[in-house]
>>> print(open('input_32.pdb').read())   # PDB, C-alpha atoms, pLDDT in the B column
ATOM      1  CA  GLN A   1       5.521  16.292  -6.171  1.00 90.00           C
ATOM      2  CA  VAL A   2       6.671  13.449  -3.973  1.00 95.00           C
ATOM      3  CA  GLN A   3       8.962  10.436  -4.266  1.00 97.00           C
ATOM      4  CA  LEU A   4       7.745   7.232  -2.701  1.00 98.00           C
ATOM      5  CA  VAL A   5       9.873   4.249  -1.706  1.00 98.00           C
ATOM      6  CA  GLU A   6       8.329   0.951  -0.682  1.00 98.00           C
ATOM      7  CA  SER A   7      10.004  -1.671   1.482  1.00 98.00           C
ATOM      8  CA  GLY A   8       9.170  -4.772   3.458  1.00 98.00           C
ATOM      9  CA  GLY A   9       8.324  -7.233   0.737  1.00 97.00           C
ATOM     10  CA  GLY A  10       9.770 -10.699   0.517  1.00 97.00           C
ATOM     11  CA  LEU A  11       9.153 -14.410   0.300  1.00 97.00           C
ATOM     12  CA  VAL A  12       6.850 -15.779   2.982  1.00 97.00           C
ATOM     13  CA  GLN A  13       4.969 -18.992   3.597  1.00 97.00           C
ATOM     14  CA  ARG A  14       1.228 -19.314   3.442  1.00 97.00           C
ATOM     15  CA  GLY A  15      -0.336 -18.037   6.622  1.00 97.00           C
ATOM     16  CA  GLY A  16       2.498 -15.670   7.429  1.00 97.00           C
ATOM     17  CA  SER A  17       2.415 -11.918   7.889  1.00 97.00           C
ATOM     18  CA  LEU A  18       4.218  -8.956   6.408  1.00 97.00           C
ATOM     19  CA  ARG A  19       4.358  -5.234   7.051  1.00 98.00           C
ATOM     20  CA  LEU A  20       5.025  -3.125   4.018  1.00 98.00           C
ATOM     21  CA  SER A  21       6.172   0.431   4.432  1.00 98.00           C
ATOM     22  CA  CYS A  22       6.102   3.450   2.137  1.00 98.00           C
ATOM     23  CA  ALA A  23       8.446   6.346   2.844  1.00 98.00           C
ATOM     24  CA  ALA A  24       7.716   9.738   1.304  1.00 97.00           C
ATOM     25  CA  SER A  25      10.307  12.340   0.359  1.00 95.00           C
ATOM     26  CA  ARG A  26       8.278  15.185   1.839  1.00 94.00           C
ATOM     27  CA  SER A  27       5.652  15.820   4.440  1.00 92.00           C
ATOM     28  CA  ILE A  28       2.508  13.801   3.844  1.00 93.00           C
ATOM     29  CA  PHE A  29       0.402  15.836   6.242  1.00 92.00           C
ATOM     30  CA  GLU A  30      -1.332  17.705   3.429  1.00 90.00           C
ATOM     31  CA  ILE A  31      -1.631  14.696   1.106  1.00 92.00           C
ATOM     32  CA  LEU A  32      -5.328  13.955   1.299  1.00 91.00           C
ATOM     33  CA  VAL A  33      -5.288  10.362   0.108  1.00 96.00           C
ATOM     34  CA  MET A  34      -2.606   7.704   0.004  1.00 98.00           C
ATOM     35  CA  GLY A  35      -3.018   4.083  -0.851  1.00 98.00           C
ATOM     36  CA  TRP A  36      -1.632   0.660  -1.610  1.00 98.00           C
ATOM     37  CA  TYR A  37      -2.242  -1.135  -4.877  1.00 98.00           C
ATOM     38  CA  ARG A  38      -0.998  -4.465  -6.146  1.00 98.00           C
ATOM     39  CA  GLN A  39      -0.431  -6.073  -9.509  1.00 98.00           C
ATOM     40  CA  ALA A  40      -0.046  -9.786 -10.030  1.00 96.00           C
ATOM     41  CA  PRO A  41       1.506 -11.199 -13.214  1.00 92.00           C
ATOM     42  CA  GLY A  42      -0.943 -11.027 -16.084  1.00 95.00           C
ATOM     43  CA  LYS A  43      -3.506  -9.093 -14.077  1.00 96.00           C
ATOM     44  CA  GLN A  44      -4.558  -5.471 -13.777  1.00 96.00           C
ATOM     45  CA  ARG A  45      -3.400  -3.300 -10.933  1.00 97.00           C
ATOM     46  CA  GLU A  46      -5.988  -3.352  -8.158  1.00 97.00           C
ATOM     47  CA  LEU A  47      -6.716  -1.301  -5.083  1.00 97.00           C
ATOM     48  CA  VAL A  48      -5.742  -2.859  -1.769  1.00 98.00           C
ATOM     49  CA  ALA A  49      -6.500   0.020   0.587  1.00 98.00           C
ATOM     50  CA  GLN A  50      -6.599   3.801   0.888  1.00 97.00           C
ATOM     51  CA  ILE A  51      -6.283   6.115   3.841  1.00 97.00           C
ATOM     52  CA  ASP A  52      -6.955   9.812   4.052  1.00 95.00           C
ATOM     53  CA  ARG A  53      -5.097  12.386   6.128  1.00 93.00           C
ATOM     54  CA  TYR A  54      -7.631  12.005   8.933  1.00 94.00           C
ATOM     55  CA  GLY A  55      -7.181   8.243   9.154  1.00 94.00           C
ATOM     56  CA  SER A  56     -10.340   7.154   7.400  1.00 97.00           C
ATOM     57  CA  THR A  57      -9.780   3.986   5.425  1.00 97.00           C
ATOM     58  CA  ASN A  58     -11.228   2.311   2.373  1.00 96.00           C
ATOM     59  CA  TYR A  59     -10.421  -1.246   1.354  1.00 97.00           C
ATOM     60  CA  GLY A  60     -10.684  -2.835  -2.043  1.00 95.00           C
ATOM     61  CA  ASP A  61     -13.040  -5.670  -2.800  1.00 89.00           C
ATOM     62  CA  SER A  62     -12.213  -8.744  -0.693  1.00 83.00           C
ATOM     63  CA  MET A  63      -9.377  -6.890   1.050  1.00 85.00           C
ATOM     64  CA  ALA A  64     -11.003  -6.044   4.363  1.00 78.00           C
ATOM     65  CA  GLY A  65     -10.034  -8.296   7.229  1.00 89.00           C
ATOM     66  CA  ARG A  66      -6.500  -9.430   6.377  1.00 95.00           C
ATOM     67  CA  PHE A  67      -5.130  -6.059   5.283  1.00 97.00           C
ATOM     68  CA  THR A  68      -4.615  -3.102   7.597  1.00 97.00           C
ATOM     69  CA  ILE A  69      -3.496   0.266   6.304  1.00 98.00           C
ATOM     70  CA  SER A  70      -2.066   3.001   8.492  1.00 97.00           C
ATOM     71  CA  ARG A  71      -0.119   6.215   8.114  1.00 97.00           C
ATOM     72  CA  ASP A  72       2.064   8.344  10.331  1.00 96.00           C
ATOM     73  CA  ASN A  73       1.962  11.950   9.230  1.00 94.00           C
ATOM     74  CA  THR A  74       4.810  12.828  11.615  1.00 95.00           C
ATOM     75  CA  LYS A  75       7.168  10.258  10.085  1.00 96.00           C
ATOM     76  CA  ASN A  76       5.923  10.660   6.512  1.00 97.00           C
ATOM     77  CA  THR A  77       5.252   6.961   6.219  1.00 97.00           C
ATOM     78  CA  MET A  78       2.364   4.705   5.327  1.00 98.00           C
ATOM     79  CA  ASP A  79       2.218   1.013   6.193  1.00 98.00           C
ATOM     80  CA  LEU A  80       0.255  -2.008   5.089  1.00 98.00           C
ATOM     81  CA  ARG A  81       0.041  -5.026   7.309  1.00 98.00           C
ATOM     82  CA  ILE A  82      -0.987  -8.270   5.658  1.00 98.00           C
ATOM     83  CA  ASP A  83      -2.002 -11.248   7.780  1.00 97.00           C
ATOM     84  CA  GLY A  84      -2.872 -14.768   6.739  1.00 96.00           C
ATOM     85  CA  LEU A  85      -0.936 -14.489   3.489  1.00 97.00           C
ATOM     86  CA  ARG A  86      -2.132 -16.658   0.632  1.00 96.00           C
ATOM     87  CA  PRO A  87      -0.416 -17.609  -2.629  1.00 96.00           C
ATOM     88  CA  GLU A  88      -2.926 -15.426  -4.470  1.00 95.00           C
ATOM     89  CA  ASP A  89      -1.525 -12.408  -2.586  1.00 96.00           C
ATOM     90  CA  THR A  90       1.666 -12.777  -4.616  1.00 97.00           C
ATOM     91  CA  ALA A  91       2.107  -9.485  -6.447  1.00 98.00           C
ATOM     92  CA  LEU A  92       4.089  -6.304  -6.765  1.00 98.00           C
ATOM     93  CA  TYR A  93       2.727  -3.896  -4.161  1.00 98.00           C
ATOM     94  CA  TYR A  94       2.770  -0.192  -4.958  1.00 98.00           C
ATOM     95  CA  CYS A  95       2.389   2.878  -2.814  1.00 98.00           C
ATOM     96  CA  GLN A  96       0.405   5.792  -4.248  1.00 98.00           C
ATOM     97  CA  ALA A  97      -0.120   9.398  -3.222  1.00 97.00           C
ATOM     98  CA  LEU A  98      -2.796  11.605  -4.746  1.00 95.00           C
ATOM     99  CA  ILE A  99      -1.774  15.249  -4.939  1.00 93.00           C
ATOM    100  CA  LEU A 100      -4.261  17.634  -6.546  1.00 92.00           C
ATOM    101  CA  GLY A 101      -5.739  14.677  -8.376  1.00 91.00           C
ATOM    102  CA  VAL A 102      -2.396  13.526  -9.787  1.00 95.00           C
ATOM    103  CA  PRO A 103      -1.237  10.040  -8.745  1.00 96.00           C
ATOM    104  CA  TYR A 104       2.377   9.514  -7.748  1.00 97.00           C
ATOM    105  CA  TRP A 105       3.704   5.970  -7.565  1.00 98.00           C
ATOM    106  CA  GLY A 106       6.597   4.198  -5.964  1.00 98.00           C
ATOM    107  CA  GLN A 107       8.585   1.487  -7.712  1.00 97.00           C
ATOM    108  CA  GLY A 108       6.882  -1.303  -5.816  1.00 98.00           C
ATOM    109  CA  THR A 109       7.930  -4.067  -3.456  1.00 98.00           C
ATOM    110  CA  GLN A 110       7.523  -7.723  -4.344  1.00 98.00           C
ATOM    111  CA  VAL A 111       5.525 -10.042  -2.133  1.00 98.00           C
ATOM    112  CA  THR A 112       5.735 -13.742  -2.912  1.00 98.00           C
ATOM    113  CA  VAL A 113       3.761 -16.293  -0.941  1.00 97.00           C
ATOM    114  CA  SER A 114       4.737 -19.935  -1.144  1.00 96.00           C
ATOM    115  CA  SER A 115       2.297 -22.739  -0.626  1.00 90.00           C
TER     116      SER A 115
END
>>> encode(input="input_32.pdb", output="structure tokens")
Amino acid sequence: QVQLVESGGGLVQRGGSLRLSCAASRSIFEILVMGWYRQAPGKQRELVAQIDRYGSTNYGDSMAGRFTISRDNTKNTMDLRIDGLRPEDTALYYCQALILGVPYWGQGTQVTVSS
């Protein structure tokens, strides 16, 4: 098991940048895949990006380019940098860890982009 706590969300203007961070309660070295998802009001949760323990990344549809995922296995953290924020990026952003096929979620951090 693992507890995940997201931080770094907030209210930003269009075109701005944010760095979201996910802190894990235990070592993430052996967690094969971690990822960021987001859910906007009235919409389904969608994949933003995933990263495996070796640093290989996978981005969701239309996410490559403005989103950059990274992880630090020594600090037990995973980050998501978002550049060129748009109003349509407004959502609750969740951190996820997959352990033996079981997903563990954080509570989410809100990102709101004003136009």
>>> atom_distance(input="input_32.pdb", atom1="atom CA of Ser7 of chain A", atom2="atom CA of Ser27 of chain A")
18.3 Å
>>> atom_distance(input="input_32.pdb", atom1="atom CA of Val113 of chain A", atom2="atom CA of Leu4 of chain A")
23.9 Å
>>> resolve_selection(input="input_32.pdb", expression="the PyMOL selection byres ((chain A and resi 33) around 7)", output="PyMOL selection string")
chain A and resi 31-32+34-35+50-53+97-98
>>> write_last_selection(input="input_32.pdb", atoms="C-alpha atoms", output="CSV table (one decimal), in the coordinates of the input")
chain,number,residue,atom,x,y,z
A,31,ILE,CA,-1.6,14.7,1.1
A,32,LEU,CA,-5.3,14.0,1.3
A,34,MET,CA,-2.6,7.7,0.0
A,35,GLY,CA,-3.0,4.1,-0.9
A,50,GLN,CA,-6.6,3.8,0.9
A,51,ILE,CA,-6.3,6.1,3.8
A,52,ASP,CA,-7.0,9.8,4.1
A,53,ARG,CA,-5.1,12.4,6.1
A,97,ALA,CA,-0.1,9.4,-3.2
A,98,LEU,CA,-2.8,11.6,-4.7
>>> residues_around(input="input_32.pdb", residues="segment 59-76 of chain A", least_positions_apart="6", cutoff="8 Å", atoms="all atoms listed in the file", output="list in words")
Ala23, Ala24, Ser25, Arg26, Ser27, Ile28, Phe29, Glu46, Leu47, Val48, Ala49, Gln50, Ile51, Arg53, Ile82, Asp83 and Gly84 of chain A
>>> atom_distance(input="input_32.pdb", atom1="atom CA of Gln107 of chain A", atom2="atom CA of Tyr37 of chain A")
11.5 Å
>>> residues_near_point(input="input_32.pdb", point="(1.1, -17.9, 8.2)", cutoff="8 Å", atoms="all atoms listed in the file", output="ChimeraX atom specification")
/A:13-17,83-85
>>> resolve_selection(input="input_32.pdb", expression="the PyMOL selection byres ((chain A and resi 88) around 10)", output="list in words")
Arg14, Ala40, Leu85, Arg86, Pro87, Asp89, Thr90, Ala91, Thr112, Val113, Ser114 and Ser115 of chain A
>>> axis_aligned_box(input="input_32.pdb", around="segment 51-56 of chain A", padding_each_side="3 Å", output="JSON")
{"center_x": -7.7, "center_y": 9.3, "center_z": 6.5, "size_x": 11.2, "size_y": 12.3, "size_z": 11.3}
>>> closest_residue(input="input_32.pdb", among="A:Thr57, A:Arg38, A:Val12, A:Glu30", to="Leu100 of chain A", atoms="only C-alpha atoms")
A:Glu30
>>> closest_residue(input="input_32.pdb", among="A:Leu20, A:Val111, A:Gly106, A:Leu80", to="Val5 of chain A", atoms="only C-alpha atoms")
A:Gly106
>>> decode(input="input_32.pdb", residues="segment 102-115 of chain A", atoms="all heavy atoms", output="compact mmCIF listing (two decimals), in the first residue's frame")
# COMPACT_ATOMS: atom_id res chain seq x y z
N VAL A 102 -2.94 -2.99 -8.68
CA VAL A 102 -3.96 -2.27 -7.91
C VAL A 102 -3.63 -0.78 -7.94
O VAL A 102 -2.53 -0.37 -7.58
CB VAL A 102 -4.00 -2.76 -6.45
CG1 VAL A 102 -5.02 -1.94 -5.66
CG2 VAL A 102 -4.32 -4.24 -6.41
N PRO A 103 -4.59 0.06 -8.35
CA PRO A 103 -4.34 1.50 -8.38
C PRO A 103 -4.58 2.15 -7.02
O PRO A 103 -5.59 1.88 -6.37
CB PRO A 103 -5.35 2.01 -9.42
CG PRO A 103 -6.48 1.04 -9.33
CD PRO A 103 -5.89 -0.27 -8.97
N TYR A 104 -3.65 2.99 -6.63
CA TYR A 104 -3.80 3.80 -5.42
C TYR A 104 -3.84 5.26 -5.86
O TYR A 104 -3.05 5.68 -6.72
CB TYR A 104 -2.64 3.56 -4.46
CG TYR A 104 -2.64 2.16 -3.88
CD1 TYR A 104 -2.06 1.11 -4.57
CD2 TYR A 104 -3.25 1.90 -2.65
CE1 TYR A 104 -2.08 -0.18 -4.06
CE2 TYR A 104 -3.27 0.62 -2.13
CZ TYR A 104 -2.69 -0.41 -2.84
OH TYR A 104 -2.71 -1.69 -2.34
N TRP A 105 -4.78 6.01 -5.26
CA TRP A 105 -5.01 7.38 -5.67
C TRP A 105 -4.78 8.35 -4.52
O TRP A 105 -5.05 8.05 -3.37
CB TRP A 105 -6.45 7.54 -6.15
CG TRP A 105 -6.80 6.73 -7.35
CD1 TRP A 105 -7.34 5.48 -7.36
CD2 TRP A 105 -6.66 7.11 -8.73
NE1 TRP A 105 -7.54 5.05 -8.66
CE2 TRP A 105 -7.13 6.04 -9.51
CE3 TRP A 105 -6.18 8.25 -9.37
CZ2 TRP A 105 -7.14 6.08 -10.91
CZ3 TRP A 105 -6.19 8.28 -10.76
CH2 TRP A 105 -6.66 7.21 -11.51
N GLY A 106 -4.34 9.55 -4.90
CA GLY A 106 -4.33 10.64 -3.94
C GLY A 106 -5.68 11.32 -3.95
O GLY A 106 -6.60 10.92 -4.66
N GLN A 107 -5.80 12.38 -3.14
CA GLN A 107 -7.06 13.11 -3.04
C GLN A 107 -7.23 14.14 -4.14
O GLN A 107 -8.33 14.65 -4.35
CB GLN A 107 -7.15 13.80 -1.67
CG GLN A 107 -7.25 12.81 -0.52
CD GLN A 107 -8.48 11.96 -0.60
OE1 GLN A 107 -9.59 12.45 -0.73
NE2 GLN A 107 -8.29 10.64 -0.56
N GLY A 108 -6.16 14.47 -4.82
CA GLY A 108 -6.24 15.41 -5.92
C GLY A 108 -5.85 16.83 -5.53
O GLY A 108 -5.93 17.21 -4.36
N THR A 109 -5.42 17.58 -6.53
CA THR A 109 -5.13 19.00 -6.34
C THR A 109 -5.79 19.76 -7.48
O THR A 109 -5.71 19.37 -8.64
CB THR A 109 -3.60 19.25 -6.30
OG1 THR A 109 -3.34 20.63 -6.01
CG2 THR A 109 -2.90 18.89 -7.60
N GLN A 110 -6.48 20.83 -7.12
CA GLN A 110 -7.28 21.57 -8.10
C GLN A 110 -6.43 22.55 -8.90
O GLN A 110 -5.66 23.32 -8.33
CB GLN A 110 -8.41 22.34 -7.39
CG GLN A 110 -9.27 23.17 -8.31
CD GLN A 110 -10.12 22.33 -9.24
OE1 GLN A 110 -10.65 21.29 -8.86
NE2 GLN A 110 -10.26 22.79 -10.49
N VAL A 111 -6.61 22.50 -10.19
CA VAL A 111 -5.98 23.47 -11.09
C VAL A 111 -7.10 24.22 -11.79
O VAL A 111 -7.99 23.61 -12.41
CB VAL A 111 -5.08 22.79 -12.14
CG1 VAL A 111 -4.60 23.80 -13.17
CG2 VAL A 111 -3.90 22.11 -11.45
N THR A 112 -7.08 25.54 -11.67
CA THR A 112 -8.08 26.38 -12.31
C THR A 112 -7.36 27.42 -13.15
O THR A 112 -6.49 28.13 -12.66
CB THR A 112 -8.97 27.08 -11.27
OG1 THR A 112 -9.59 26.08 -10.44
CG2 THR A 112 -10.05 27.90 -11.96
N VAL A 113 -7.74 27.47 -14.42
CA VAL A 113 -7.09 28.39 -15.35
C VAL A 113 -8.10 29.44 -15.78
O VAL A 113 -9.16 29.12 -16.33
CB VAL A 113 -6.54 27.65 -16.57
CG1 VAL A 113 -5.77 28.62 -17.48
CG2 VAL A 113 -5.64 26.50 -16.14
N SER A 114 -7.78 30.68 -15.54
CA SER A 114 -8.68 31.77 -15.91
C SER A 114 -8.31 32.30 -17.29
O SER A 114 -7.16 32.26 -17.72
CB SER A 114 -8.58 32.90 -14.89
OG SER A 114 -7.30 33.48 -14.92
N SER A 115 -9.33 32.78 -17.98
CA SER A 115 -9.10 33.29 -19.32
C SER A 115 -8.93 34.80 -19.31
O SER A 115 -8.60 35.41 -20.30
CB SER A 115 -10.26 32.91 -20.24
OG SER A 115 -11.48 33.36 -19.70
